[in-house]
>>> print(open('model09.txt').read())   # compact mmCIF, N, CA and C atoms
# COMPACT_ATOMS: atom_id res chain seq x y z
N MET A 9 -1.65 19.66 15.98
CA MET A 9 -1.35 18.39 15.34
C MET A 9 -0.24 17.71 16.14
N SER A 10 -0.37 16.42 16.33
CA SER A 10 0.61 15.67 17.11
C SER A 10 1.90 15.45 16.31
N ALA A 11 2.95 15.16 17.02
CA ALA A 11 4.25 14.93 16.38
C ALA A 11 4.21 13.76 15.39
N PRO A 12 3.55 12.63 15.72
CA PRO A 12 3.49 11.55 14.73
C PRO A 12 2.73 11.95 13.47
N ASP A 13 1.69 12.77 13.63
CA ASP A 13 0.94 13.23 12.45
C ASP A 13 1.81 14.14 11.59
N GLN A 14 2.57 15.01 12.22
CA GLN A 14 3.46 15.90 11.47
C GLN A 14 4.54 15.10 10.75
N ALA A 15 5.08 14.11 11.41
CA ALA A 15 6.11 13.28 10.79
C ALA A 15 5.55 12.53 9.59
N ARG A 16 4.33 12.02 9.72
CA ARG A 16 3.70 11.28 8.61
C ARG A 16 3.43 12.20 7.43
N ARG A 17 2.96 13.43 7.72
CA ARG A 17 2.74 14.41 6.65
C ARG A 17 4.04 14.71 5.92
N ALA A 18 5.12 14.89 6.68
CA ALA A 18 6.43 15.20 6.08
C ALA A 18 6.89 14.05 5.19
N GLU A 19 6.73 12.82 5.65
CA GLU A 19 7.12 11.65 4.85
C GLU A 19 6.28 11.55 3.58
N ASP A 20 4.98 11.73 3.71
CA ASP A 20 4.09 11.66 2.54
C ASP A 20 4.44 12.73 1.52
N LEU A 21 4.73 13.93 2.00
CA LEU A 21 5.09 15.01 1.08
C LEU A 21 6.42 14.75 0.39
N ARG A 22 7.40 14.27 1.14
CA ARG A 22 8.70 13.93 0.52
C ARG A 22 8.52 12.88 -0.56
N ARG A 23 7.72 11.87 -0.25
CA ARG A 23 7.48 10.79 -1.22
C ARG A 23 6.77 11.34 -2.46
N ALA A 24 5.79 12.21 -2.27
CA ALA A 24 5.06 12.79 -3.41
C ALA A 24 5.97 13.62 -4.29
N VAL A 25 6.85 14.40 -3.68
CA VAL A 25 7.80 15.22 -4.45
C VAL A 25 8.74 14.31 -5.25
N LEU A 26 9.29 13.32 -4.60
CA LEU A 26 10.22 12.42 -5.29
C LEU A 26 9.51 11.64 -6.39
N ASP A 27 8.31 11.15 -6.12
CA ASP A 27 7.55 10.43 -7.14
C ASP A 27 7.30 11.32 -8.35
N PHE A 28 6.91 12.57 -8.10
CA PHE A 28 6.65 13.50 -9.20
C PHE A 28 7.91 13.71 -10.05
N LEU A 29 9.02 13.99 -9.40
CA LEU A 29 10.25 14.28 -10.14
C LEU A 29 10.81 13.05 -10.84
N CYS A 30 10.70 11.89 -10.22
CA CYS A 30 11.24 10.68 -10.85
C CYS A 30 10.41 10.26 -12.06
N ALA A 31 9.14 10.50 -12.02
CA ALA A 31 8.30 10.16 -13.17
C ALA A 31 8.59 11.07 -14.36
N ARG A 32 9.27 12.18 -14.10
CA ARG A 32 9.62 13.15 -15.15
C ARG A 32 11.11 13.47 -15.05
N GLN A 33 11.93 12.44 -14.95
CA GLN A 33 13.33 12.59 -14.59
C GLN A 33 14.18 13.39 -15.56
N ALA A 34 13.76 13.57 -16.77
CA ALA A 34 14.57 14.30 -17.75
C ALA A 34 14.38 15.81 -17.66
N VAL A 35 13.45 16.26 -16.82
CA VAL A 35 13.10 17.67 -16.78
C VAL A 35 13.29 18.21 -15.36
N ALA A 36 13.70 19.47 -15.27
CA ALA A 36 13.80 20.16 -13.98
C ALA A 36 12.61 21.12 -13.86
N PHE A 37 12.02 21.20 -12.66
CA PHE A 37 10.83 22.00 -12.44
C PHE A 37 11.06 23.03 -11.35
N GLU A 38 10.38 24.18 -11.47
CA GLU A 38 10.37 25.17 -10.40
C GLU A 38 9.58 24.61 -9.22
N ALA A 39 9.93 25.03 -8.03
CA ALA A 39 9.25 24.54 -6.83
C ALA A 39 7.74 24.78 -6.89
N GLY A 40 7.33 25.94 -7.34
CA GLY A 40 5.90 26.25 -7.42
C GLY A 40 5.14 25.32 -8.34
N VAL A 41 5.77 24.93 -9.42
CA VAL A 41 5.14 24.00 -10.37
C VAL A 41 4.99 22.62 -9.73
N ILE A 42 6.02 22.18 -9.03
CA ILE A 42 5.97 20.88 -8.36
C ILE A 42 4.83 20.86 -7.35
N LEU A 43 4.78 21.87 -6.52
CA LEU A 43 3.73 21.93 -5.49
C LEU A 43 2.35 21.98 -6.12
N ASP A 44 2.19 22.81 -7.13
CA ASP A 44 0.89 22.93 -7.79
C ASP A 44 0.43 21.60 -8.39
N ARG A 45 1.33 20.90 -9.04
CA ARG A 45 0.94 19.63 -9.67
C ARG A 45 0.66 18.54 -8.65
N ILE A 46 1.38 18.55 -7.53
CA ILE A 46 1.11 17.58 -6.48
C ILE A 46 -0.27 17.84 -5.87
N VAL A 47 -0.56 19.11 -5.60
CA VAL A 47 -1.86 19.45 -5.03
C VAL A 47 -2.98 19.09 -6.00
N ARG A 48 -2.79 19.43 -7.28
CA ARG A 48 -3.84 19.13 -8.28
C ARG A 48 -4.05 17.64 -8.49
N SER A 49 -2.99 16.85 -8.33
CA SER A 49 -3.11 15.40 -8.56
C SER A 49 -3.84 14.70 -7.41
N ARG A 50 -3.94 15.39 -6.27
CA ARG A 50 -4.64 14.87 -5.09
C ARG A 50 -4.03 13.57 -4.55
N VAL A 51 -2.72 13.43 -4.65
CA VAL A 51 -2.06 12.26 -4.09
C VAL A 51 -1.91 12.38 -2.57
N LEU A 52 -2.07 13.59 -2.06
CA LEU A 52 -2.01 13.82 -0.62
C LEU A 52 -3.41 14.13 -0.10
N ASP A 53 -3.66 13.78 1.13
CA ASP A 53 -4.97 14.09 1.72
C ASP A 53 -4.92 15.40 2.50
N PHE A 54 -3.93 16.23 2.23
CA PHE A 54 -3.79 17.54 2.86
C PHE A 54 -3.14 18.48 1.86
N HIS A 55 -3.26 19.77 2.13
CA HIS A 55 -2.63 20.78 1.29
C HIS A 55 -1.40 21.28 2.03
N PRO A 56 -0.19 20.94 1.54
CA PRO A 56 1.03 21.34 2.26
C PRO A 56 1.21 22.85 2.27
N ASP A 57 1.70 23.36 3.37
CA ASP A 57 2.01 24.79 3.41
C ASP A 57 3.42 25.00 2.85
N PRO A 58 3.77 26.22 2.49
CA PRO A 58 5.08 26.48 1.87
C PRO A 58 6.28 26.04 2.71
N ASP A 59 6.17 26.17 4.04
CA ASP A 59 7.28 25.75 4.89
C ASP A 59 7.47 24.23 4.86
N GLU A 60 6.38 23.49 4.88
CA GLU A 60 6.46 22.03 4.79
C GLU A 60 7.08 21.62 3.46
N PHE A 61 6.68 22.30 2.40
CA PHE A 61 7.19 21.97 1.07
C PHE A 61 8.68 22.28 0.96
N ALA A 62 9.08 23.44 1.47
CA ALA A 62 10.51 23.80 1.45
C ALA A 62 11.33 22.80 2.25
N ALA A 63 10.79 22.35 3.38
CA ALA A 63 11.49 21.36 4.20
C ALA A 63 11.63 20.03 3.46
N ALA A 64 10.61 19.65 2.70
CA ALA A 64 10.68 18.41 1.93
C ALA A 64 11.77 18.50 0.86
N LEU A 65 11.82 19.63 0.15
CA LEU A 65 12.86 19.81 -0.86
C LEU A 65 14.25 19.77 -0.24
N THR A 66 14.42 20.44 0.89
CA THR A 66 15.71 20.47 1.57
C THR A 66 16.12 19.07 2.02
N PHE A 67 15.17 18.32 2.58
CA PHE A 67 15.46 16.96 3.03
C PHE A 67 15.94 16.09 1.86
N LEU A 68 15.21 16.12 0.75
CA LEU A 68 15.56 15.29 -0.41
C LEU A 68 16.88 15.72 -1.03
N GLU A 69 17.13 17.02 -1.00
CA GLU A 69 18.37 17.57 -1.57
C GLU A 69 19.59 17.22 -0.73
N ASN A 70 19.39 17.06 0.57
CA ASN A 70 20.50 16.77 1.49
C ASN A 70 20.49 15.33 1.98
N PHE A 71 19.76 14.47 1.32
CA PHE A 71 19.65 13.06 1.72
C PHE A 71 21.03 12.43 1.69
N SER A 72 21.29 11.55 2.65
CA SER A 72 22.59 10.89 2.74
C SER A 72 22.39 9.39 2.55
N PRO A 73 23.23 8.72 1.85
CA PRO A 73 24.57 9.09 1.40
C PRO A 73 24.59 9.87 0.09
N GLU A 74 23.50 9.82 -0.69
CA GLU A 74 23.46 10.58 -1.94
C GLU A 74 22.16 11.37 -2.01
N PRO A 75 22.22 12.60 -2.52
CA PRO A 75 21.00 13.38 -2.68
C PRO A 75 20.02 12.68 -3.63
N LEU A 76 18.74 12.79 -3.33
CA LEU A 76 17.71 12.19 -4.18
C LEU A 76 17.21 13.16 -5.24
N ILE A 77 17.38 14.46 -4.97
CA ILE A 77 17.07 15.49 -5.97
C ILE A 77 18.21 16.50 -5.94
N LEU A 78 18.29 17.29 -6.99
CA LEU A 78 19.26 18.37 -7.04
C LEU A 78 18.59 19.60 -7.61
N PHE A 79 19.21 20.73 -7.38
CA PHE A 79 18.65 21.94 -7.97
C PHE A 79 19.61 22.50 -8.99
N LYS A 80 19.03 23.15 -9.96
CA LYS A 80 19.80 23.86 -10.98
C LYS A 80 19.31 25.30 -10.95
N ARG A 81 20.22 26.21 -10.94
CA ARG A 81 19.87 27.63 -10.93
C ARG A 81 19.70 28.12 -12.37
N ALA A 82 18.72 28.97 -12.58
CA ALA A 82 18.50 29.57 -13.90
C ALA A 82 19.75 30.36 -14.30
N LEU A 83 20.11 30.28 -15.56
CA LEU A 83 21.33 30.95 -16.02
C LEU A 83 21.27 32.46 -15.87
N LEU A 84 20.11 33.04 -16.04
CA LEU A 84 20.00 34.50 -16.00
C LEU A 84 19.32 35.01 -14.73
N GLY A 85 19.20 34.18 -13.74
CA GLY A 85 18.52 34.63 -12.54
C GLY A 85 18.81 33.72 -11.37
N SER A 86 17.93 33.77 -10.40
CA SER A 86 18.15 32.98 -9.19
C SER A 86 17.07 31.92 -8.98
N THR A 87 16.23 31.69 -9.98
CA THR A 87 15.19 30.68 -9.86
C THR A 87 15.83 29.30 -9.76
N ARG A 88 15.33 28.52 -8.80
CA ARG A 88 15.84 27.16 -8.60
C ARG A 88 14.91 26.17 -9.30
N PHE A 89 15.50 25.28 -10.06
CA PHE A 89 14.76 24.22 -10.72
C PHE A 89 15.23 22.90 -10.11
N TYR A 90 14.29 22.01 -9.81
CA TYR A 90 14.60 20.75 -9.14
C TYR A 90 14.43 19.58 -10.10
N GLN A 91 15.32 18.60 -9.95
CA GLN A 91 15.32 17.42 -10.80
C GLN A 91 15.76 16.22 -9.97
N ALA A 92 15.22 15.06 -10.30
CA ALA A 92 15.62 13.83 -9.60
C ALA A 92 17.04 13.45 -10.01
N THR A 93 17.80 12.94 -9.06
CA THR A 93 19.13 12.42 -9.34
C THR A 93 19.01 10.94 -9.73
N SER A 94 20.10 10.37 -10.19
CA SER A 94 20.07 8.94 -10.51
C SER A 94 19.80 8.11 -9.27
N ALA A 95 20.33 8.54 -8.10
CA ALA A 95 20.05 7.84 -6.84
C ALA A 95 18.58 7.93 -6.48
N GLY A 96 17.97 9.07 -6.74
CA GLY A 96 16.55 9.24 -6.47
C GLY A 96 15.70 8.37 -7.37
N VAL A 97 16.06 8.30 -8.64
CA VAL A 97 15.31 7.47 -9.59
C VAL A 97 15.45 5.99 -9.22
N LEU A 98 16.64 5.58 -8.85
CA LEU A 98 16.86 4.20 -8.45
C LEU A 98 16.03 3.84 -7.21
N ALA A 99 16.02 4.71 -6.22
CA ALA A 99 15.23 4.48 -5.02
C ALA A 99 13.73 4.43 -5.36
N PHE A 100 13.30 5.31 -6.25
CA PHE A 100 11.90 5.33 -6.69
C PHE A 100 11.54 4.04 -7.41
N GLU A 101 12.40 3.63 -8.36
CA GLU A 101 12.10 2.42 -9.14
C GLU A 101 12.10 1.16 -8.28
N ARG A 102 12.94 1.13 -7.26
CA ARG A 102 13.00 -0.04 -6.38
C ARG A 102 11.99 0.04 -5.24
N ASP A 103 11.27 1.15 -5.20
CA ASP A 103 10.27 1.37 -4.15
C ASP A 103 10.93 1.29 -2.78
N ALA A 104 12.17 1.76 -2.72
CA ALA A 104 12.98 1.63 -1.51
C ALA A 104 12.54 2.56 -0.39
N LEU A 105 11.79 3.60 -0.70
CA LEU A 105 11.42 4.58 0.32
C LEU A 105 10.04 4.36 0.89
N ASN A 106 9.32 3.40 0.36
CA ASN A 106 7.98 3.10 0.88
C ASN A 106 8.06 2.02 1.95
N PRO A 107 7.21 2.15 2.96
CA PRO A 107 7.25 1.14 4.04
C PRO A 107 6.79 -0.23 3.57
>>> encode(input="model09.txt", output="structure tokens")
Amino acid sequence: MSAPDQARRAEDLRRAVLDFLCARQAVAFEAGVILDRIVRSRVLDFHPDPDEFAAALTFLENFSPEPLILFKRALLGSTRFYQATSAGVLAFERDALNP
């Protein structure tokens, strides 16, 4: 796969993750649930592999100047739950991340 194709896949996956979380902004989801629901919704024309998905979460979590998503750790374990931040919801509502 060419570099432009990989970049486009990464952008589409980031957008799908953010769209999913912002549409359900009051709830935090496990990574596996997010990926499963994105795949089932067929908003992407490809099936992301786990590394691509982890990279998308990391990118959104470390977005500058403000993170677009955040994670919350389970109180009794190490499971990470992801939720949209207010900056992420604002960017989603303004359609600021779409070309």
>>> atom_distance(input="model09.txt", atom1="atom CA of Leu26 of chain A", atom2="atom C of Leu84 of chain A")
26.1 Å
>>> select_by_dssp(input="model09.txt", residues="segment 9-61 of chain A", states="alpha helix (DSSP H)", output="NGL selection string")
:A and (11-31 or 39-49 or 58-61)
>>> write_last_selection(input="model09.txt", atoms="N, CA and C atoms", output="tab-separated table (two decimals), in the frame of the given file")
chain	number	residue	atom	x	y	z
A	11	ALA	N	2.95	15.16	17.02
A	11	ALA	CA	4.25	14.93	16.38
A	11	ALA	C	4.21	13.76	15.39
A	12	PRO	N	3.55	12.63	15.72
A	12	PRO	CA	3.49	11.55	14.73
A	12	PRO	C	2.73	11.95	13.47
A	13	ASP	N	1.69	12.77	13.63
A	13	ASP	CA	0.94	13.23	12.45
A	13	ASP	C	1.81	14.14	11.59
A	14	GLN	N	2.57	15.01	12.22
A	14	GLN	CA	3.46	15.90	11.47
A	14	GLN	C	4.54	15.10	10.75
A	15	ALA	N	5.08	14.11	11.41
A	15	ALA	CA	6.11	13.28	10.79
A	15	ALA	C	5.55	12.53	9.59
A	16	ARG	N	4.33	12.02	9.72
A	16	ARG	CA	3.70	11.28	8.61
A	16	ARG	C	3.43	12.20	7.43
A	17	ARG	N	2.96	13.43	7.72
A	17	ARG	CA	2.74	14.41	6.65
A	17	ARG	C	4.04	14.71	5.92
A	18	ALA	N	5.12	14.89	6.68
A	18	ALA	CA	6.43	15.20	6.08
A	18	ALA	C	6.89	14.05	5.19
A	19	GLU	N	6.73	12.82	5.65
A	19	GLU	CA	7.12	11.65	4.85
A	19	GLU	C	6.28	11.55	3.58
A	20	ASP	N	4.98	11.73	3.71
A	20	ASP	CA	4.09	11.66	2.54
A	20	ASP	C	4.44	12.73	1.52
A	21	LEU	N	4.73	13.93	2.00
A	21	LEU	CA	5.09	15.01	1.08
A	21	LEU	C	6.42	14.75	0.39
A	22	ARG	N	7.40	14.27	1.14
A	22	ARG	CA	8.70	13.93	0.52
A	22	ARG	C	8.52	12.88	-0.56
A	23	ARG	N	7.72	11.87	-0.25
A	23	ARG	CA	7.48	10.79	-1.22
A	23	ARG	C	6.77	11.34	-2.46
A	24	ALA	N	5.79	12.21	-2.27
A	24	ALA	CA	5.06	12.79	-3.41
A	24	ALA	C	5.97	13.62	-4.29
A	25	VAL	N	6.85	14.40	-3.68
A	25	VAL	CA	7.80	15.22	-4.45
A	25	VAL	C	8.74	14.31	-5.25
A	26	LEU	N	9.29	13.32	-4.60
A	26	LEU	CA	10.22	12.42	-5.29
A	26	LEU	C	9.51	11.64	-6.39
A	27	ASP	N	8.31	11.15	-6.12
A	27	ASP	CA	7.55	10.43	-7.14
A	27	ASP	C	7.30	11.32	-8.35
A	28	PHE	N	6.91	12.57	-8.10
A	28	PHE	CA	6.65	13.50	-9.20
A	28	PHE	C	7.91	13.71	-10.05
A	29	LEU	N	9.02	13.99	-9.40
A	29	LEU	CA	10.25	14.28	-10.14
A	29	LEU	C	10.81	13.05	-10.84
A	30	CYS	N	10.70	11.89	-10.22
A	30	CYS	CA	11.24	10.68	-10.85
A	30	CYS	C	10.41	10.26	-12.06
A	31	ALA	N	9.14	10.50	-12.02
A	31	ALA	CA	8.30	10.16	-13.17
A	31	ALA	C	8.59	11.07	-14.36
A	39	ALA	N	9.93	25.03	-8.03
A	39	ALA	CA	9.25	24.54	-6.83
A	39	ALA	C	7.74	24.78	-6.89
A	40	GLY	N	7.33	25.94	-7.34
A	40	GLY	CA	5.90	26.25	-7.42
A	40	GLY	C	5.14	25.32	-8.34
A	41	VAL	N	5.77	24.93	-9.42
A	41	VAL	CA	5.14	24.00	-10.37
A	41	VAL	C	4.99	22.62	-9.73
A	42	ILE	N	6.02	22.18	-9.03
A	42	ILE	CA	5.97	20.88	-8.36
A	42	ILE	C	4.83	20.86	-7.35
A	43	LEU	N	4.78	21.87	-6.52
A	43	LEU	CA	3.73	21.93	-5.49
A	43	LEU	C	2.35	21.98	-6.12
A	44	ASP	N	2.19	22.81	-7.13
A	44	ASP	CA	0.89	22.93	-7.79
A	44	ASP	C	0.43	21.60	-8.39
A	45	ARG	N	1.33	20.90	-9.04
A	45	ARG	CA	0.94	19.63	-9.67
A	45	ARG	C	0.66	18.54	-8.65
A	46	ILE	N	1.38	18.55	-7.53
A	46	ILE	CA	1.11	17.58	-6.48
A	46	ILE	C	-0.27	17.84	-5.87
A	47	VAL	N	-0.56	19.11	-5.60
A	47	VAL	CA	-1.86	19.45	-5.03
A	47	VAL	C	-2.98	19.09	-6.00
A	48	ARG	N	-2.79	19.43	-7.28
A	48	ARG	CA	-3.84	19.13	-8.28
A	48	ARG	C	-4.05	17.64	-8.49
A	49	SER	N	-2.99	16.85	-8.33
A	49	SER	CA	-3.11	15.40	-8.56
A	49	SER	C	-3.84	14.70	-7.41
A	58	PRO	N	3.77	26.22	2.49
A	58	PRO	CA	5.08	26.48	1.87
A	58	PRO	C	6.28	26.04	2.71
A	59	ASP	N	6.17	26.17	4.04
A	59	ASP	CA	7.28	25.75	4.89
A	59	ASP	C	7.47	24.23	4.86
A	60	GLU	N	6.38	23.49	4.88
A	60	GLU	CA	6.46	22.03	4.79
A	60	GLU	C	7.08	21.62	3.46
A	61	PHE	N	6.68	22.30	2.40
A	61	PHE	CA	7.19	21.97	1.07
A	61	PHE	C	8.68	22.28	0.96
>>> select_by_dssp(input="model09.txt", residues="chain A", states="strand (DSSP E or B)", output="list of chain:residue names")
A:Phe37, A:Glu38, A:Ile77, A:Leu78, A:Phe79, A:Lys80, A:Arg81, A:Arg88, A:Phe89, A:Tyr90, A:Gln91, A:Ala92
>>> closest_residue(input="model09.txt", among="A:Asp20, A:Phe79, A:Glu74, A:Leu65", to="Val51 of chain A", atoms="only N, CA and C atoms")
A:Asp20
>>> closest_residue(input="model09.txt", among="A:Arg16, A:Arg22, A:Arg32, A:Arg48", to="Leu68 of chain A", atoms="only C-alpha atoms")
A:Arg22
>>> closest_atom_pairs(input="model09.txt", of="segment 58-98 of chain A", to="segment 33-45 of chain A", cutoff="7 Å", atoms="only N, CA and C atoms", output="CSV")
residue,atom,partner,partner_atom,distance
A:Thr87,C,A:Glu38,CA,6.9
A:Arg88,C,A:Glu38,CA,4.8
A:Phe89,CA,A:Phe37,C,3.9
A:Tyr90,N,A:Phe37,C,3.7
A:Gln91,CA,A:Ala36,CA,4.5
A:Ala92,N,A:Gln33,CA,5.3
>>> closest_residue(input="model09.txt", among="A:Leu21, A:Ala15, A:Ala31, A:Leu78", to="Ala62 of chain A", atoms="only C-alpha atoms")
A:Leu21
>>> residues_around(input="model09.txt", residues="Ala24 of chain A", least_positions_apart="5", cutoff="8 Å", atoms="all atoms listed in the file", output="list in words")
Ala18, Glu19, Leu29, Cys30, Ile42, Ile46, Val51 and Leu52 of chain A
>>> atom_distance(input="model09.txt", atom1="atom CA of Pro56 of chain A", atom2="atom N of Gly85 of chain A")
27.4 Å
>>> atom_distance(input="model09.txt", atom1="atom CA of Ser49 of chain A", atom2="atom CA of Ser86 of chain A")
27.6 Å
>>> axis_aligned_box(input="model09.txt", around="segment 12-27 of chain A", padding_each_side="4 Å", output="AutoDock Vina command-line options")
--center_x 5.6 --center_y 13.2 --center_z 3.7 --size_x 17.3 --size_y 13.5 --size_z 32.1
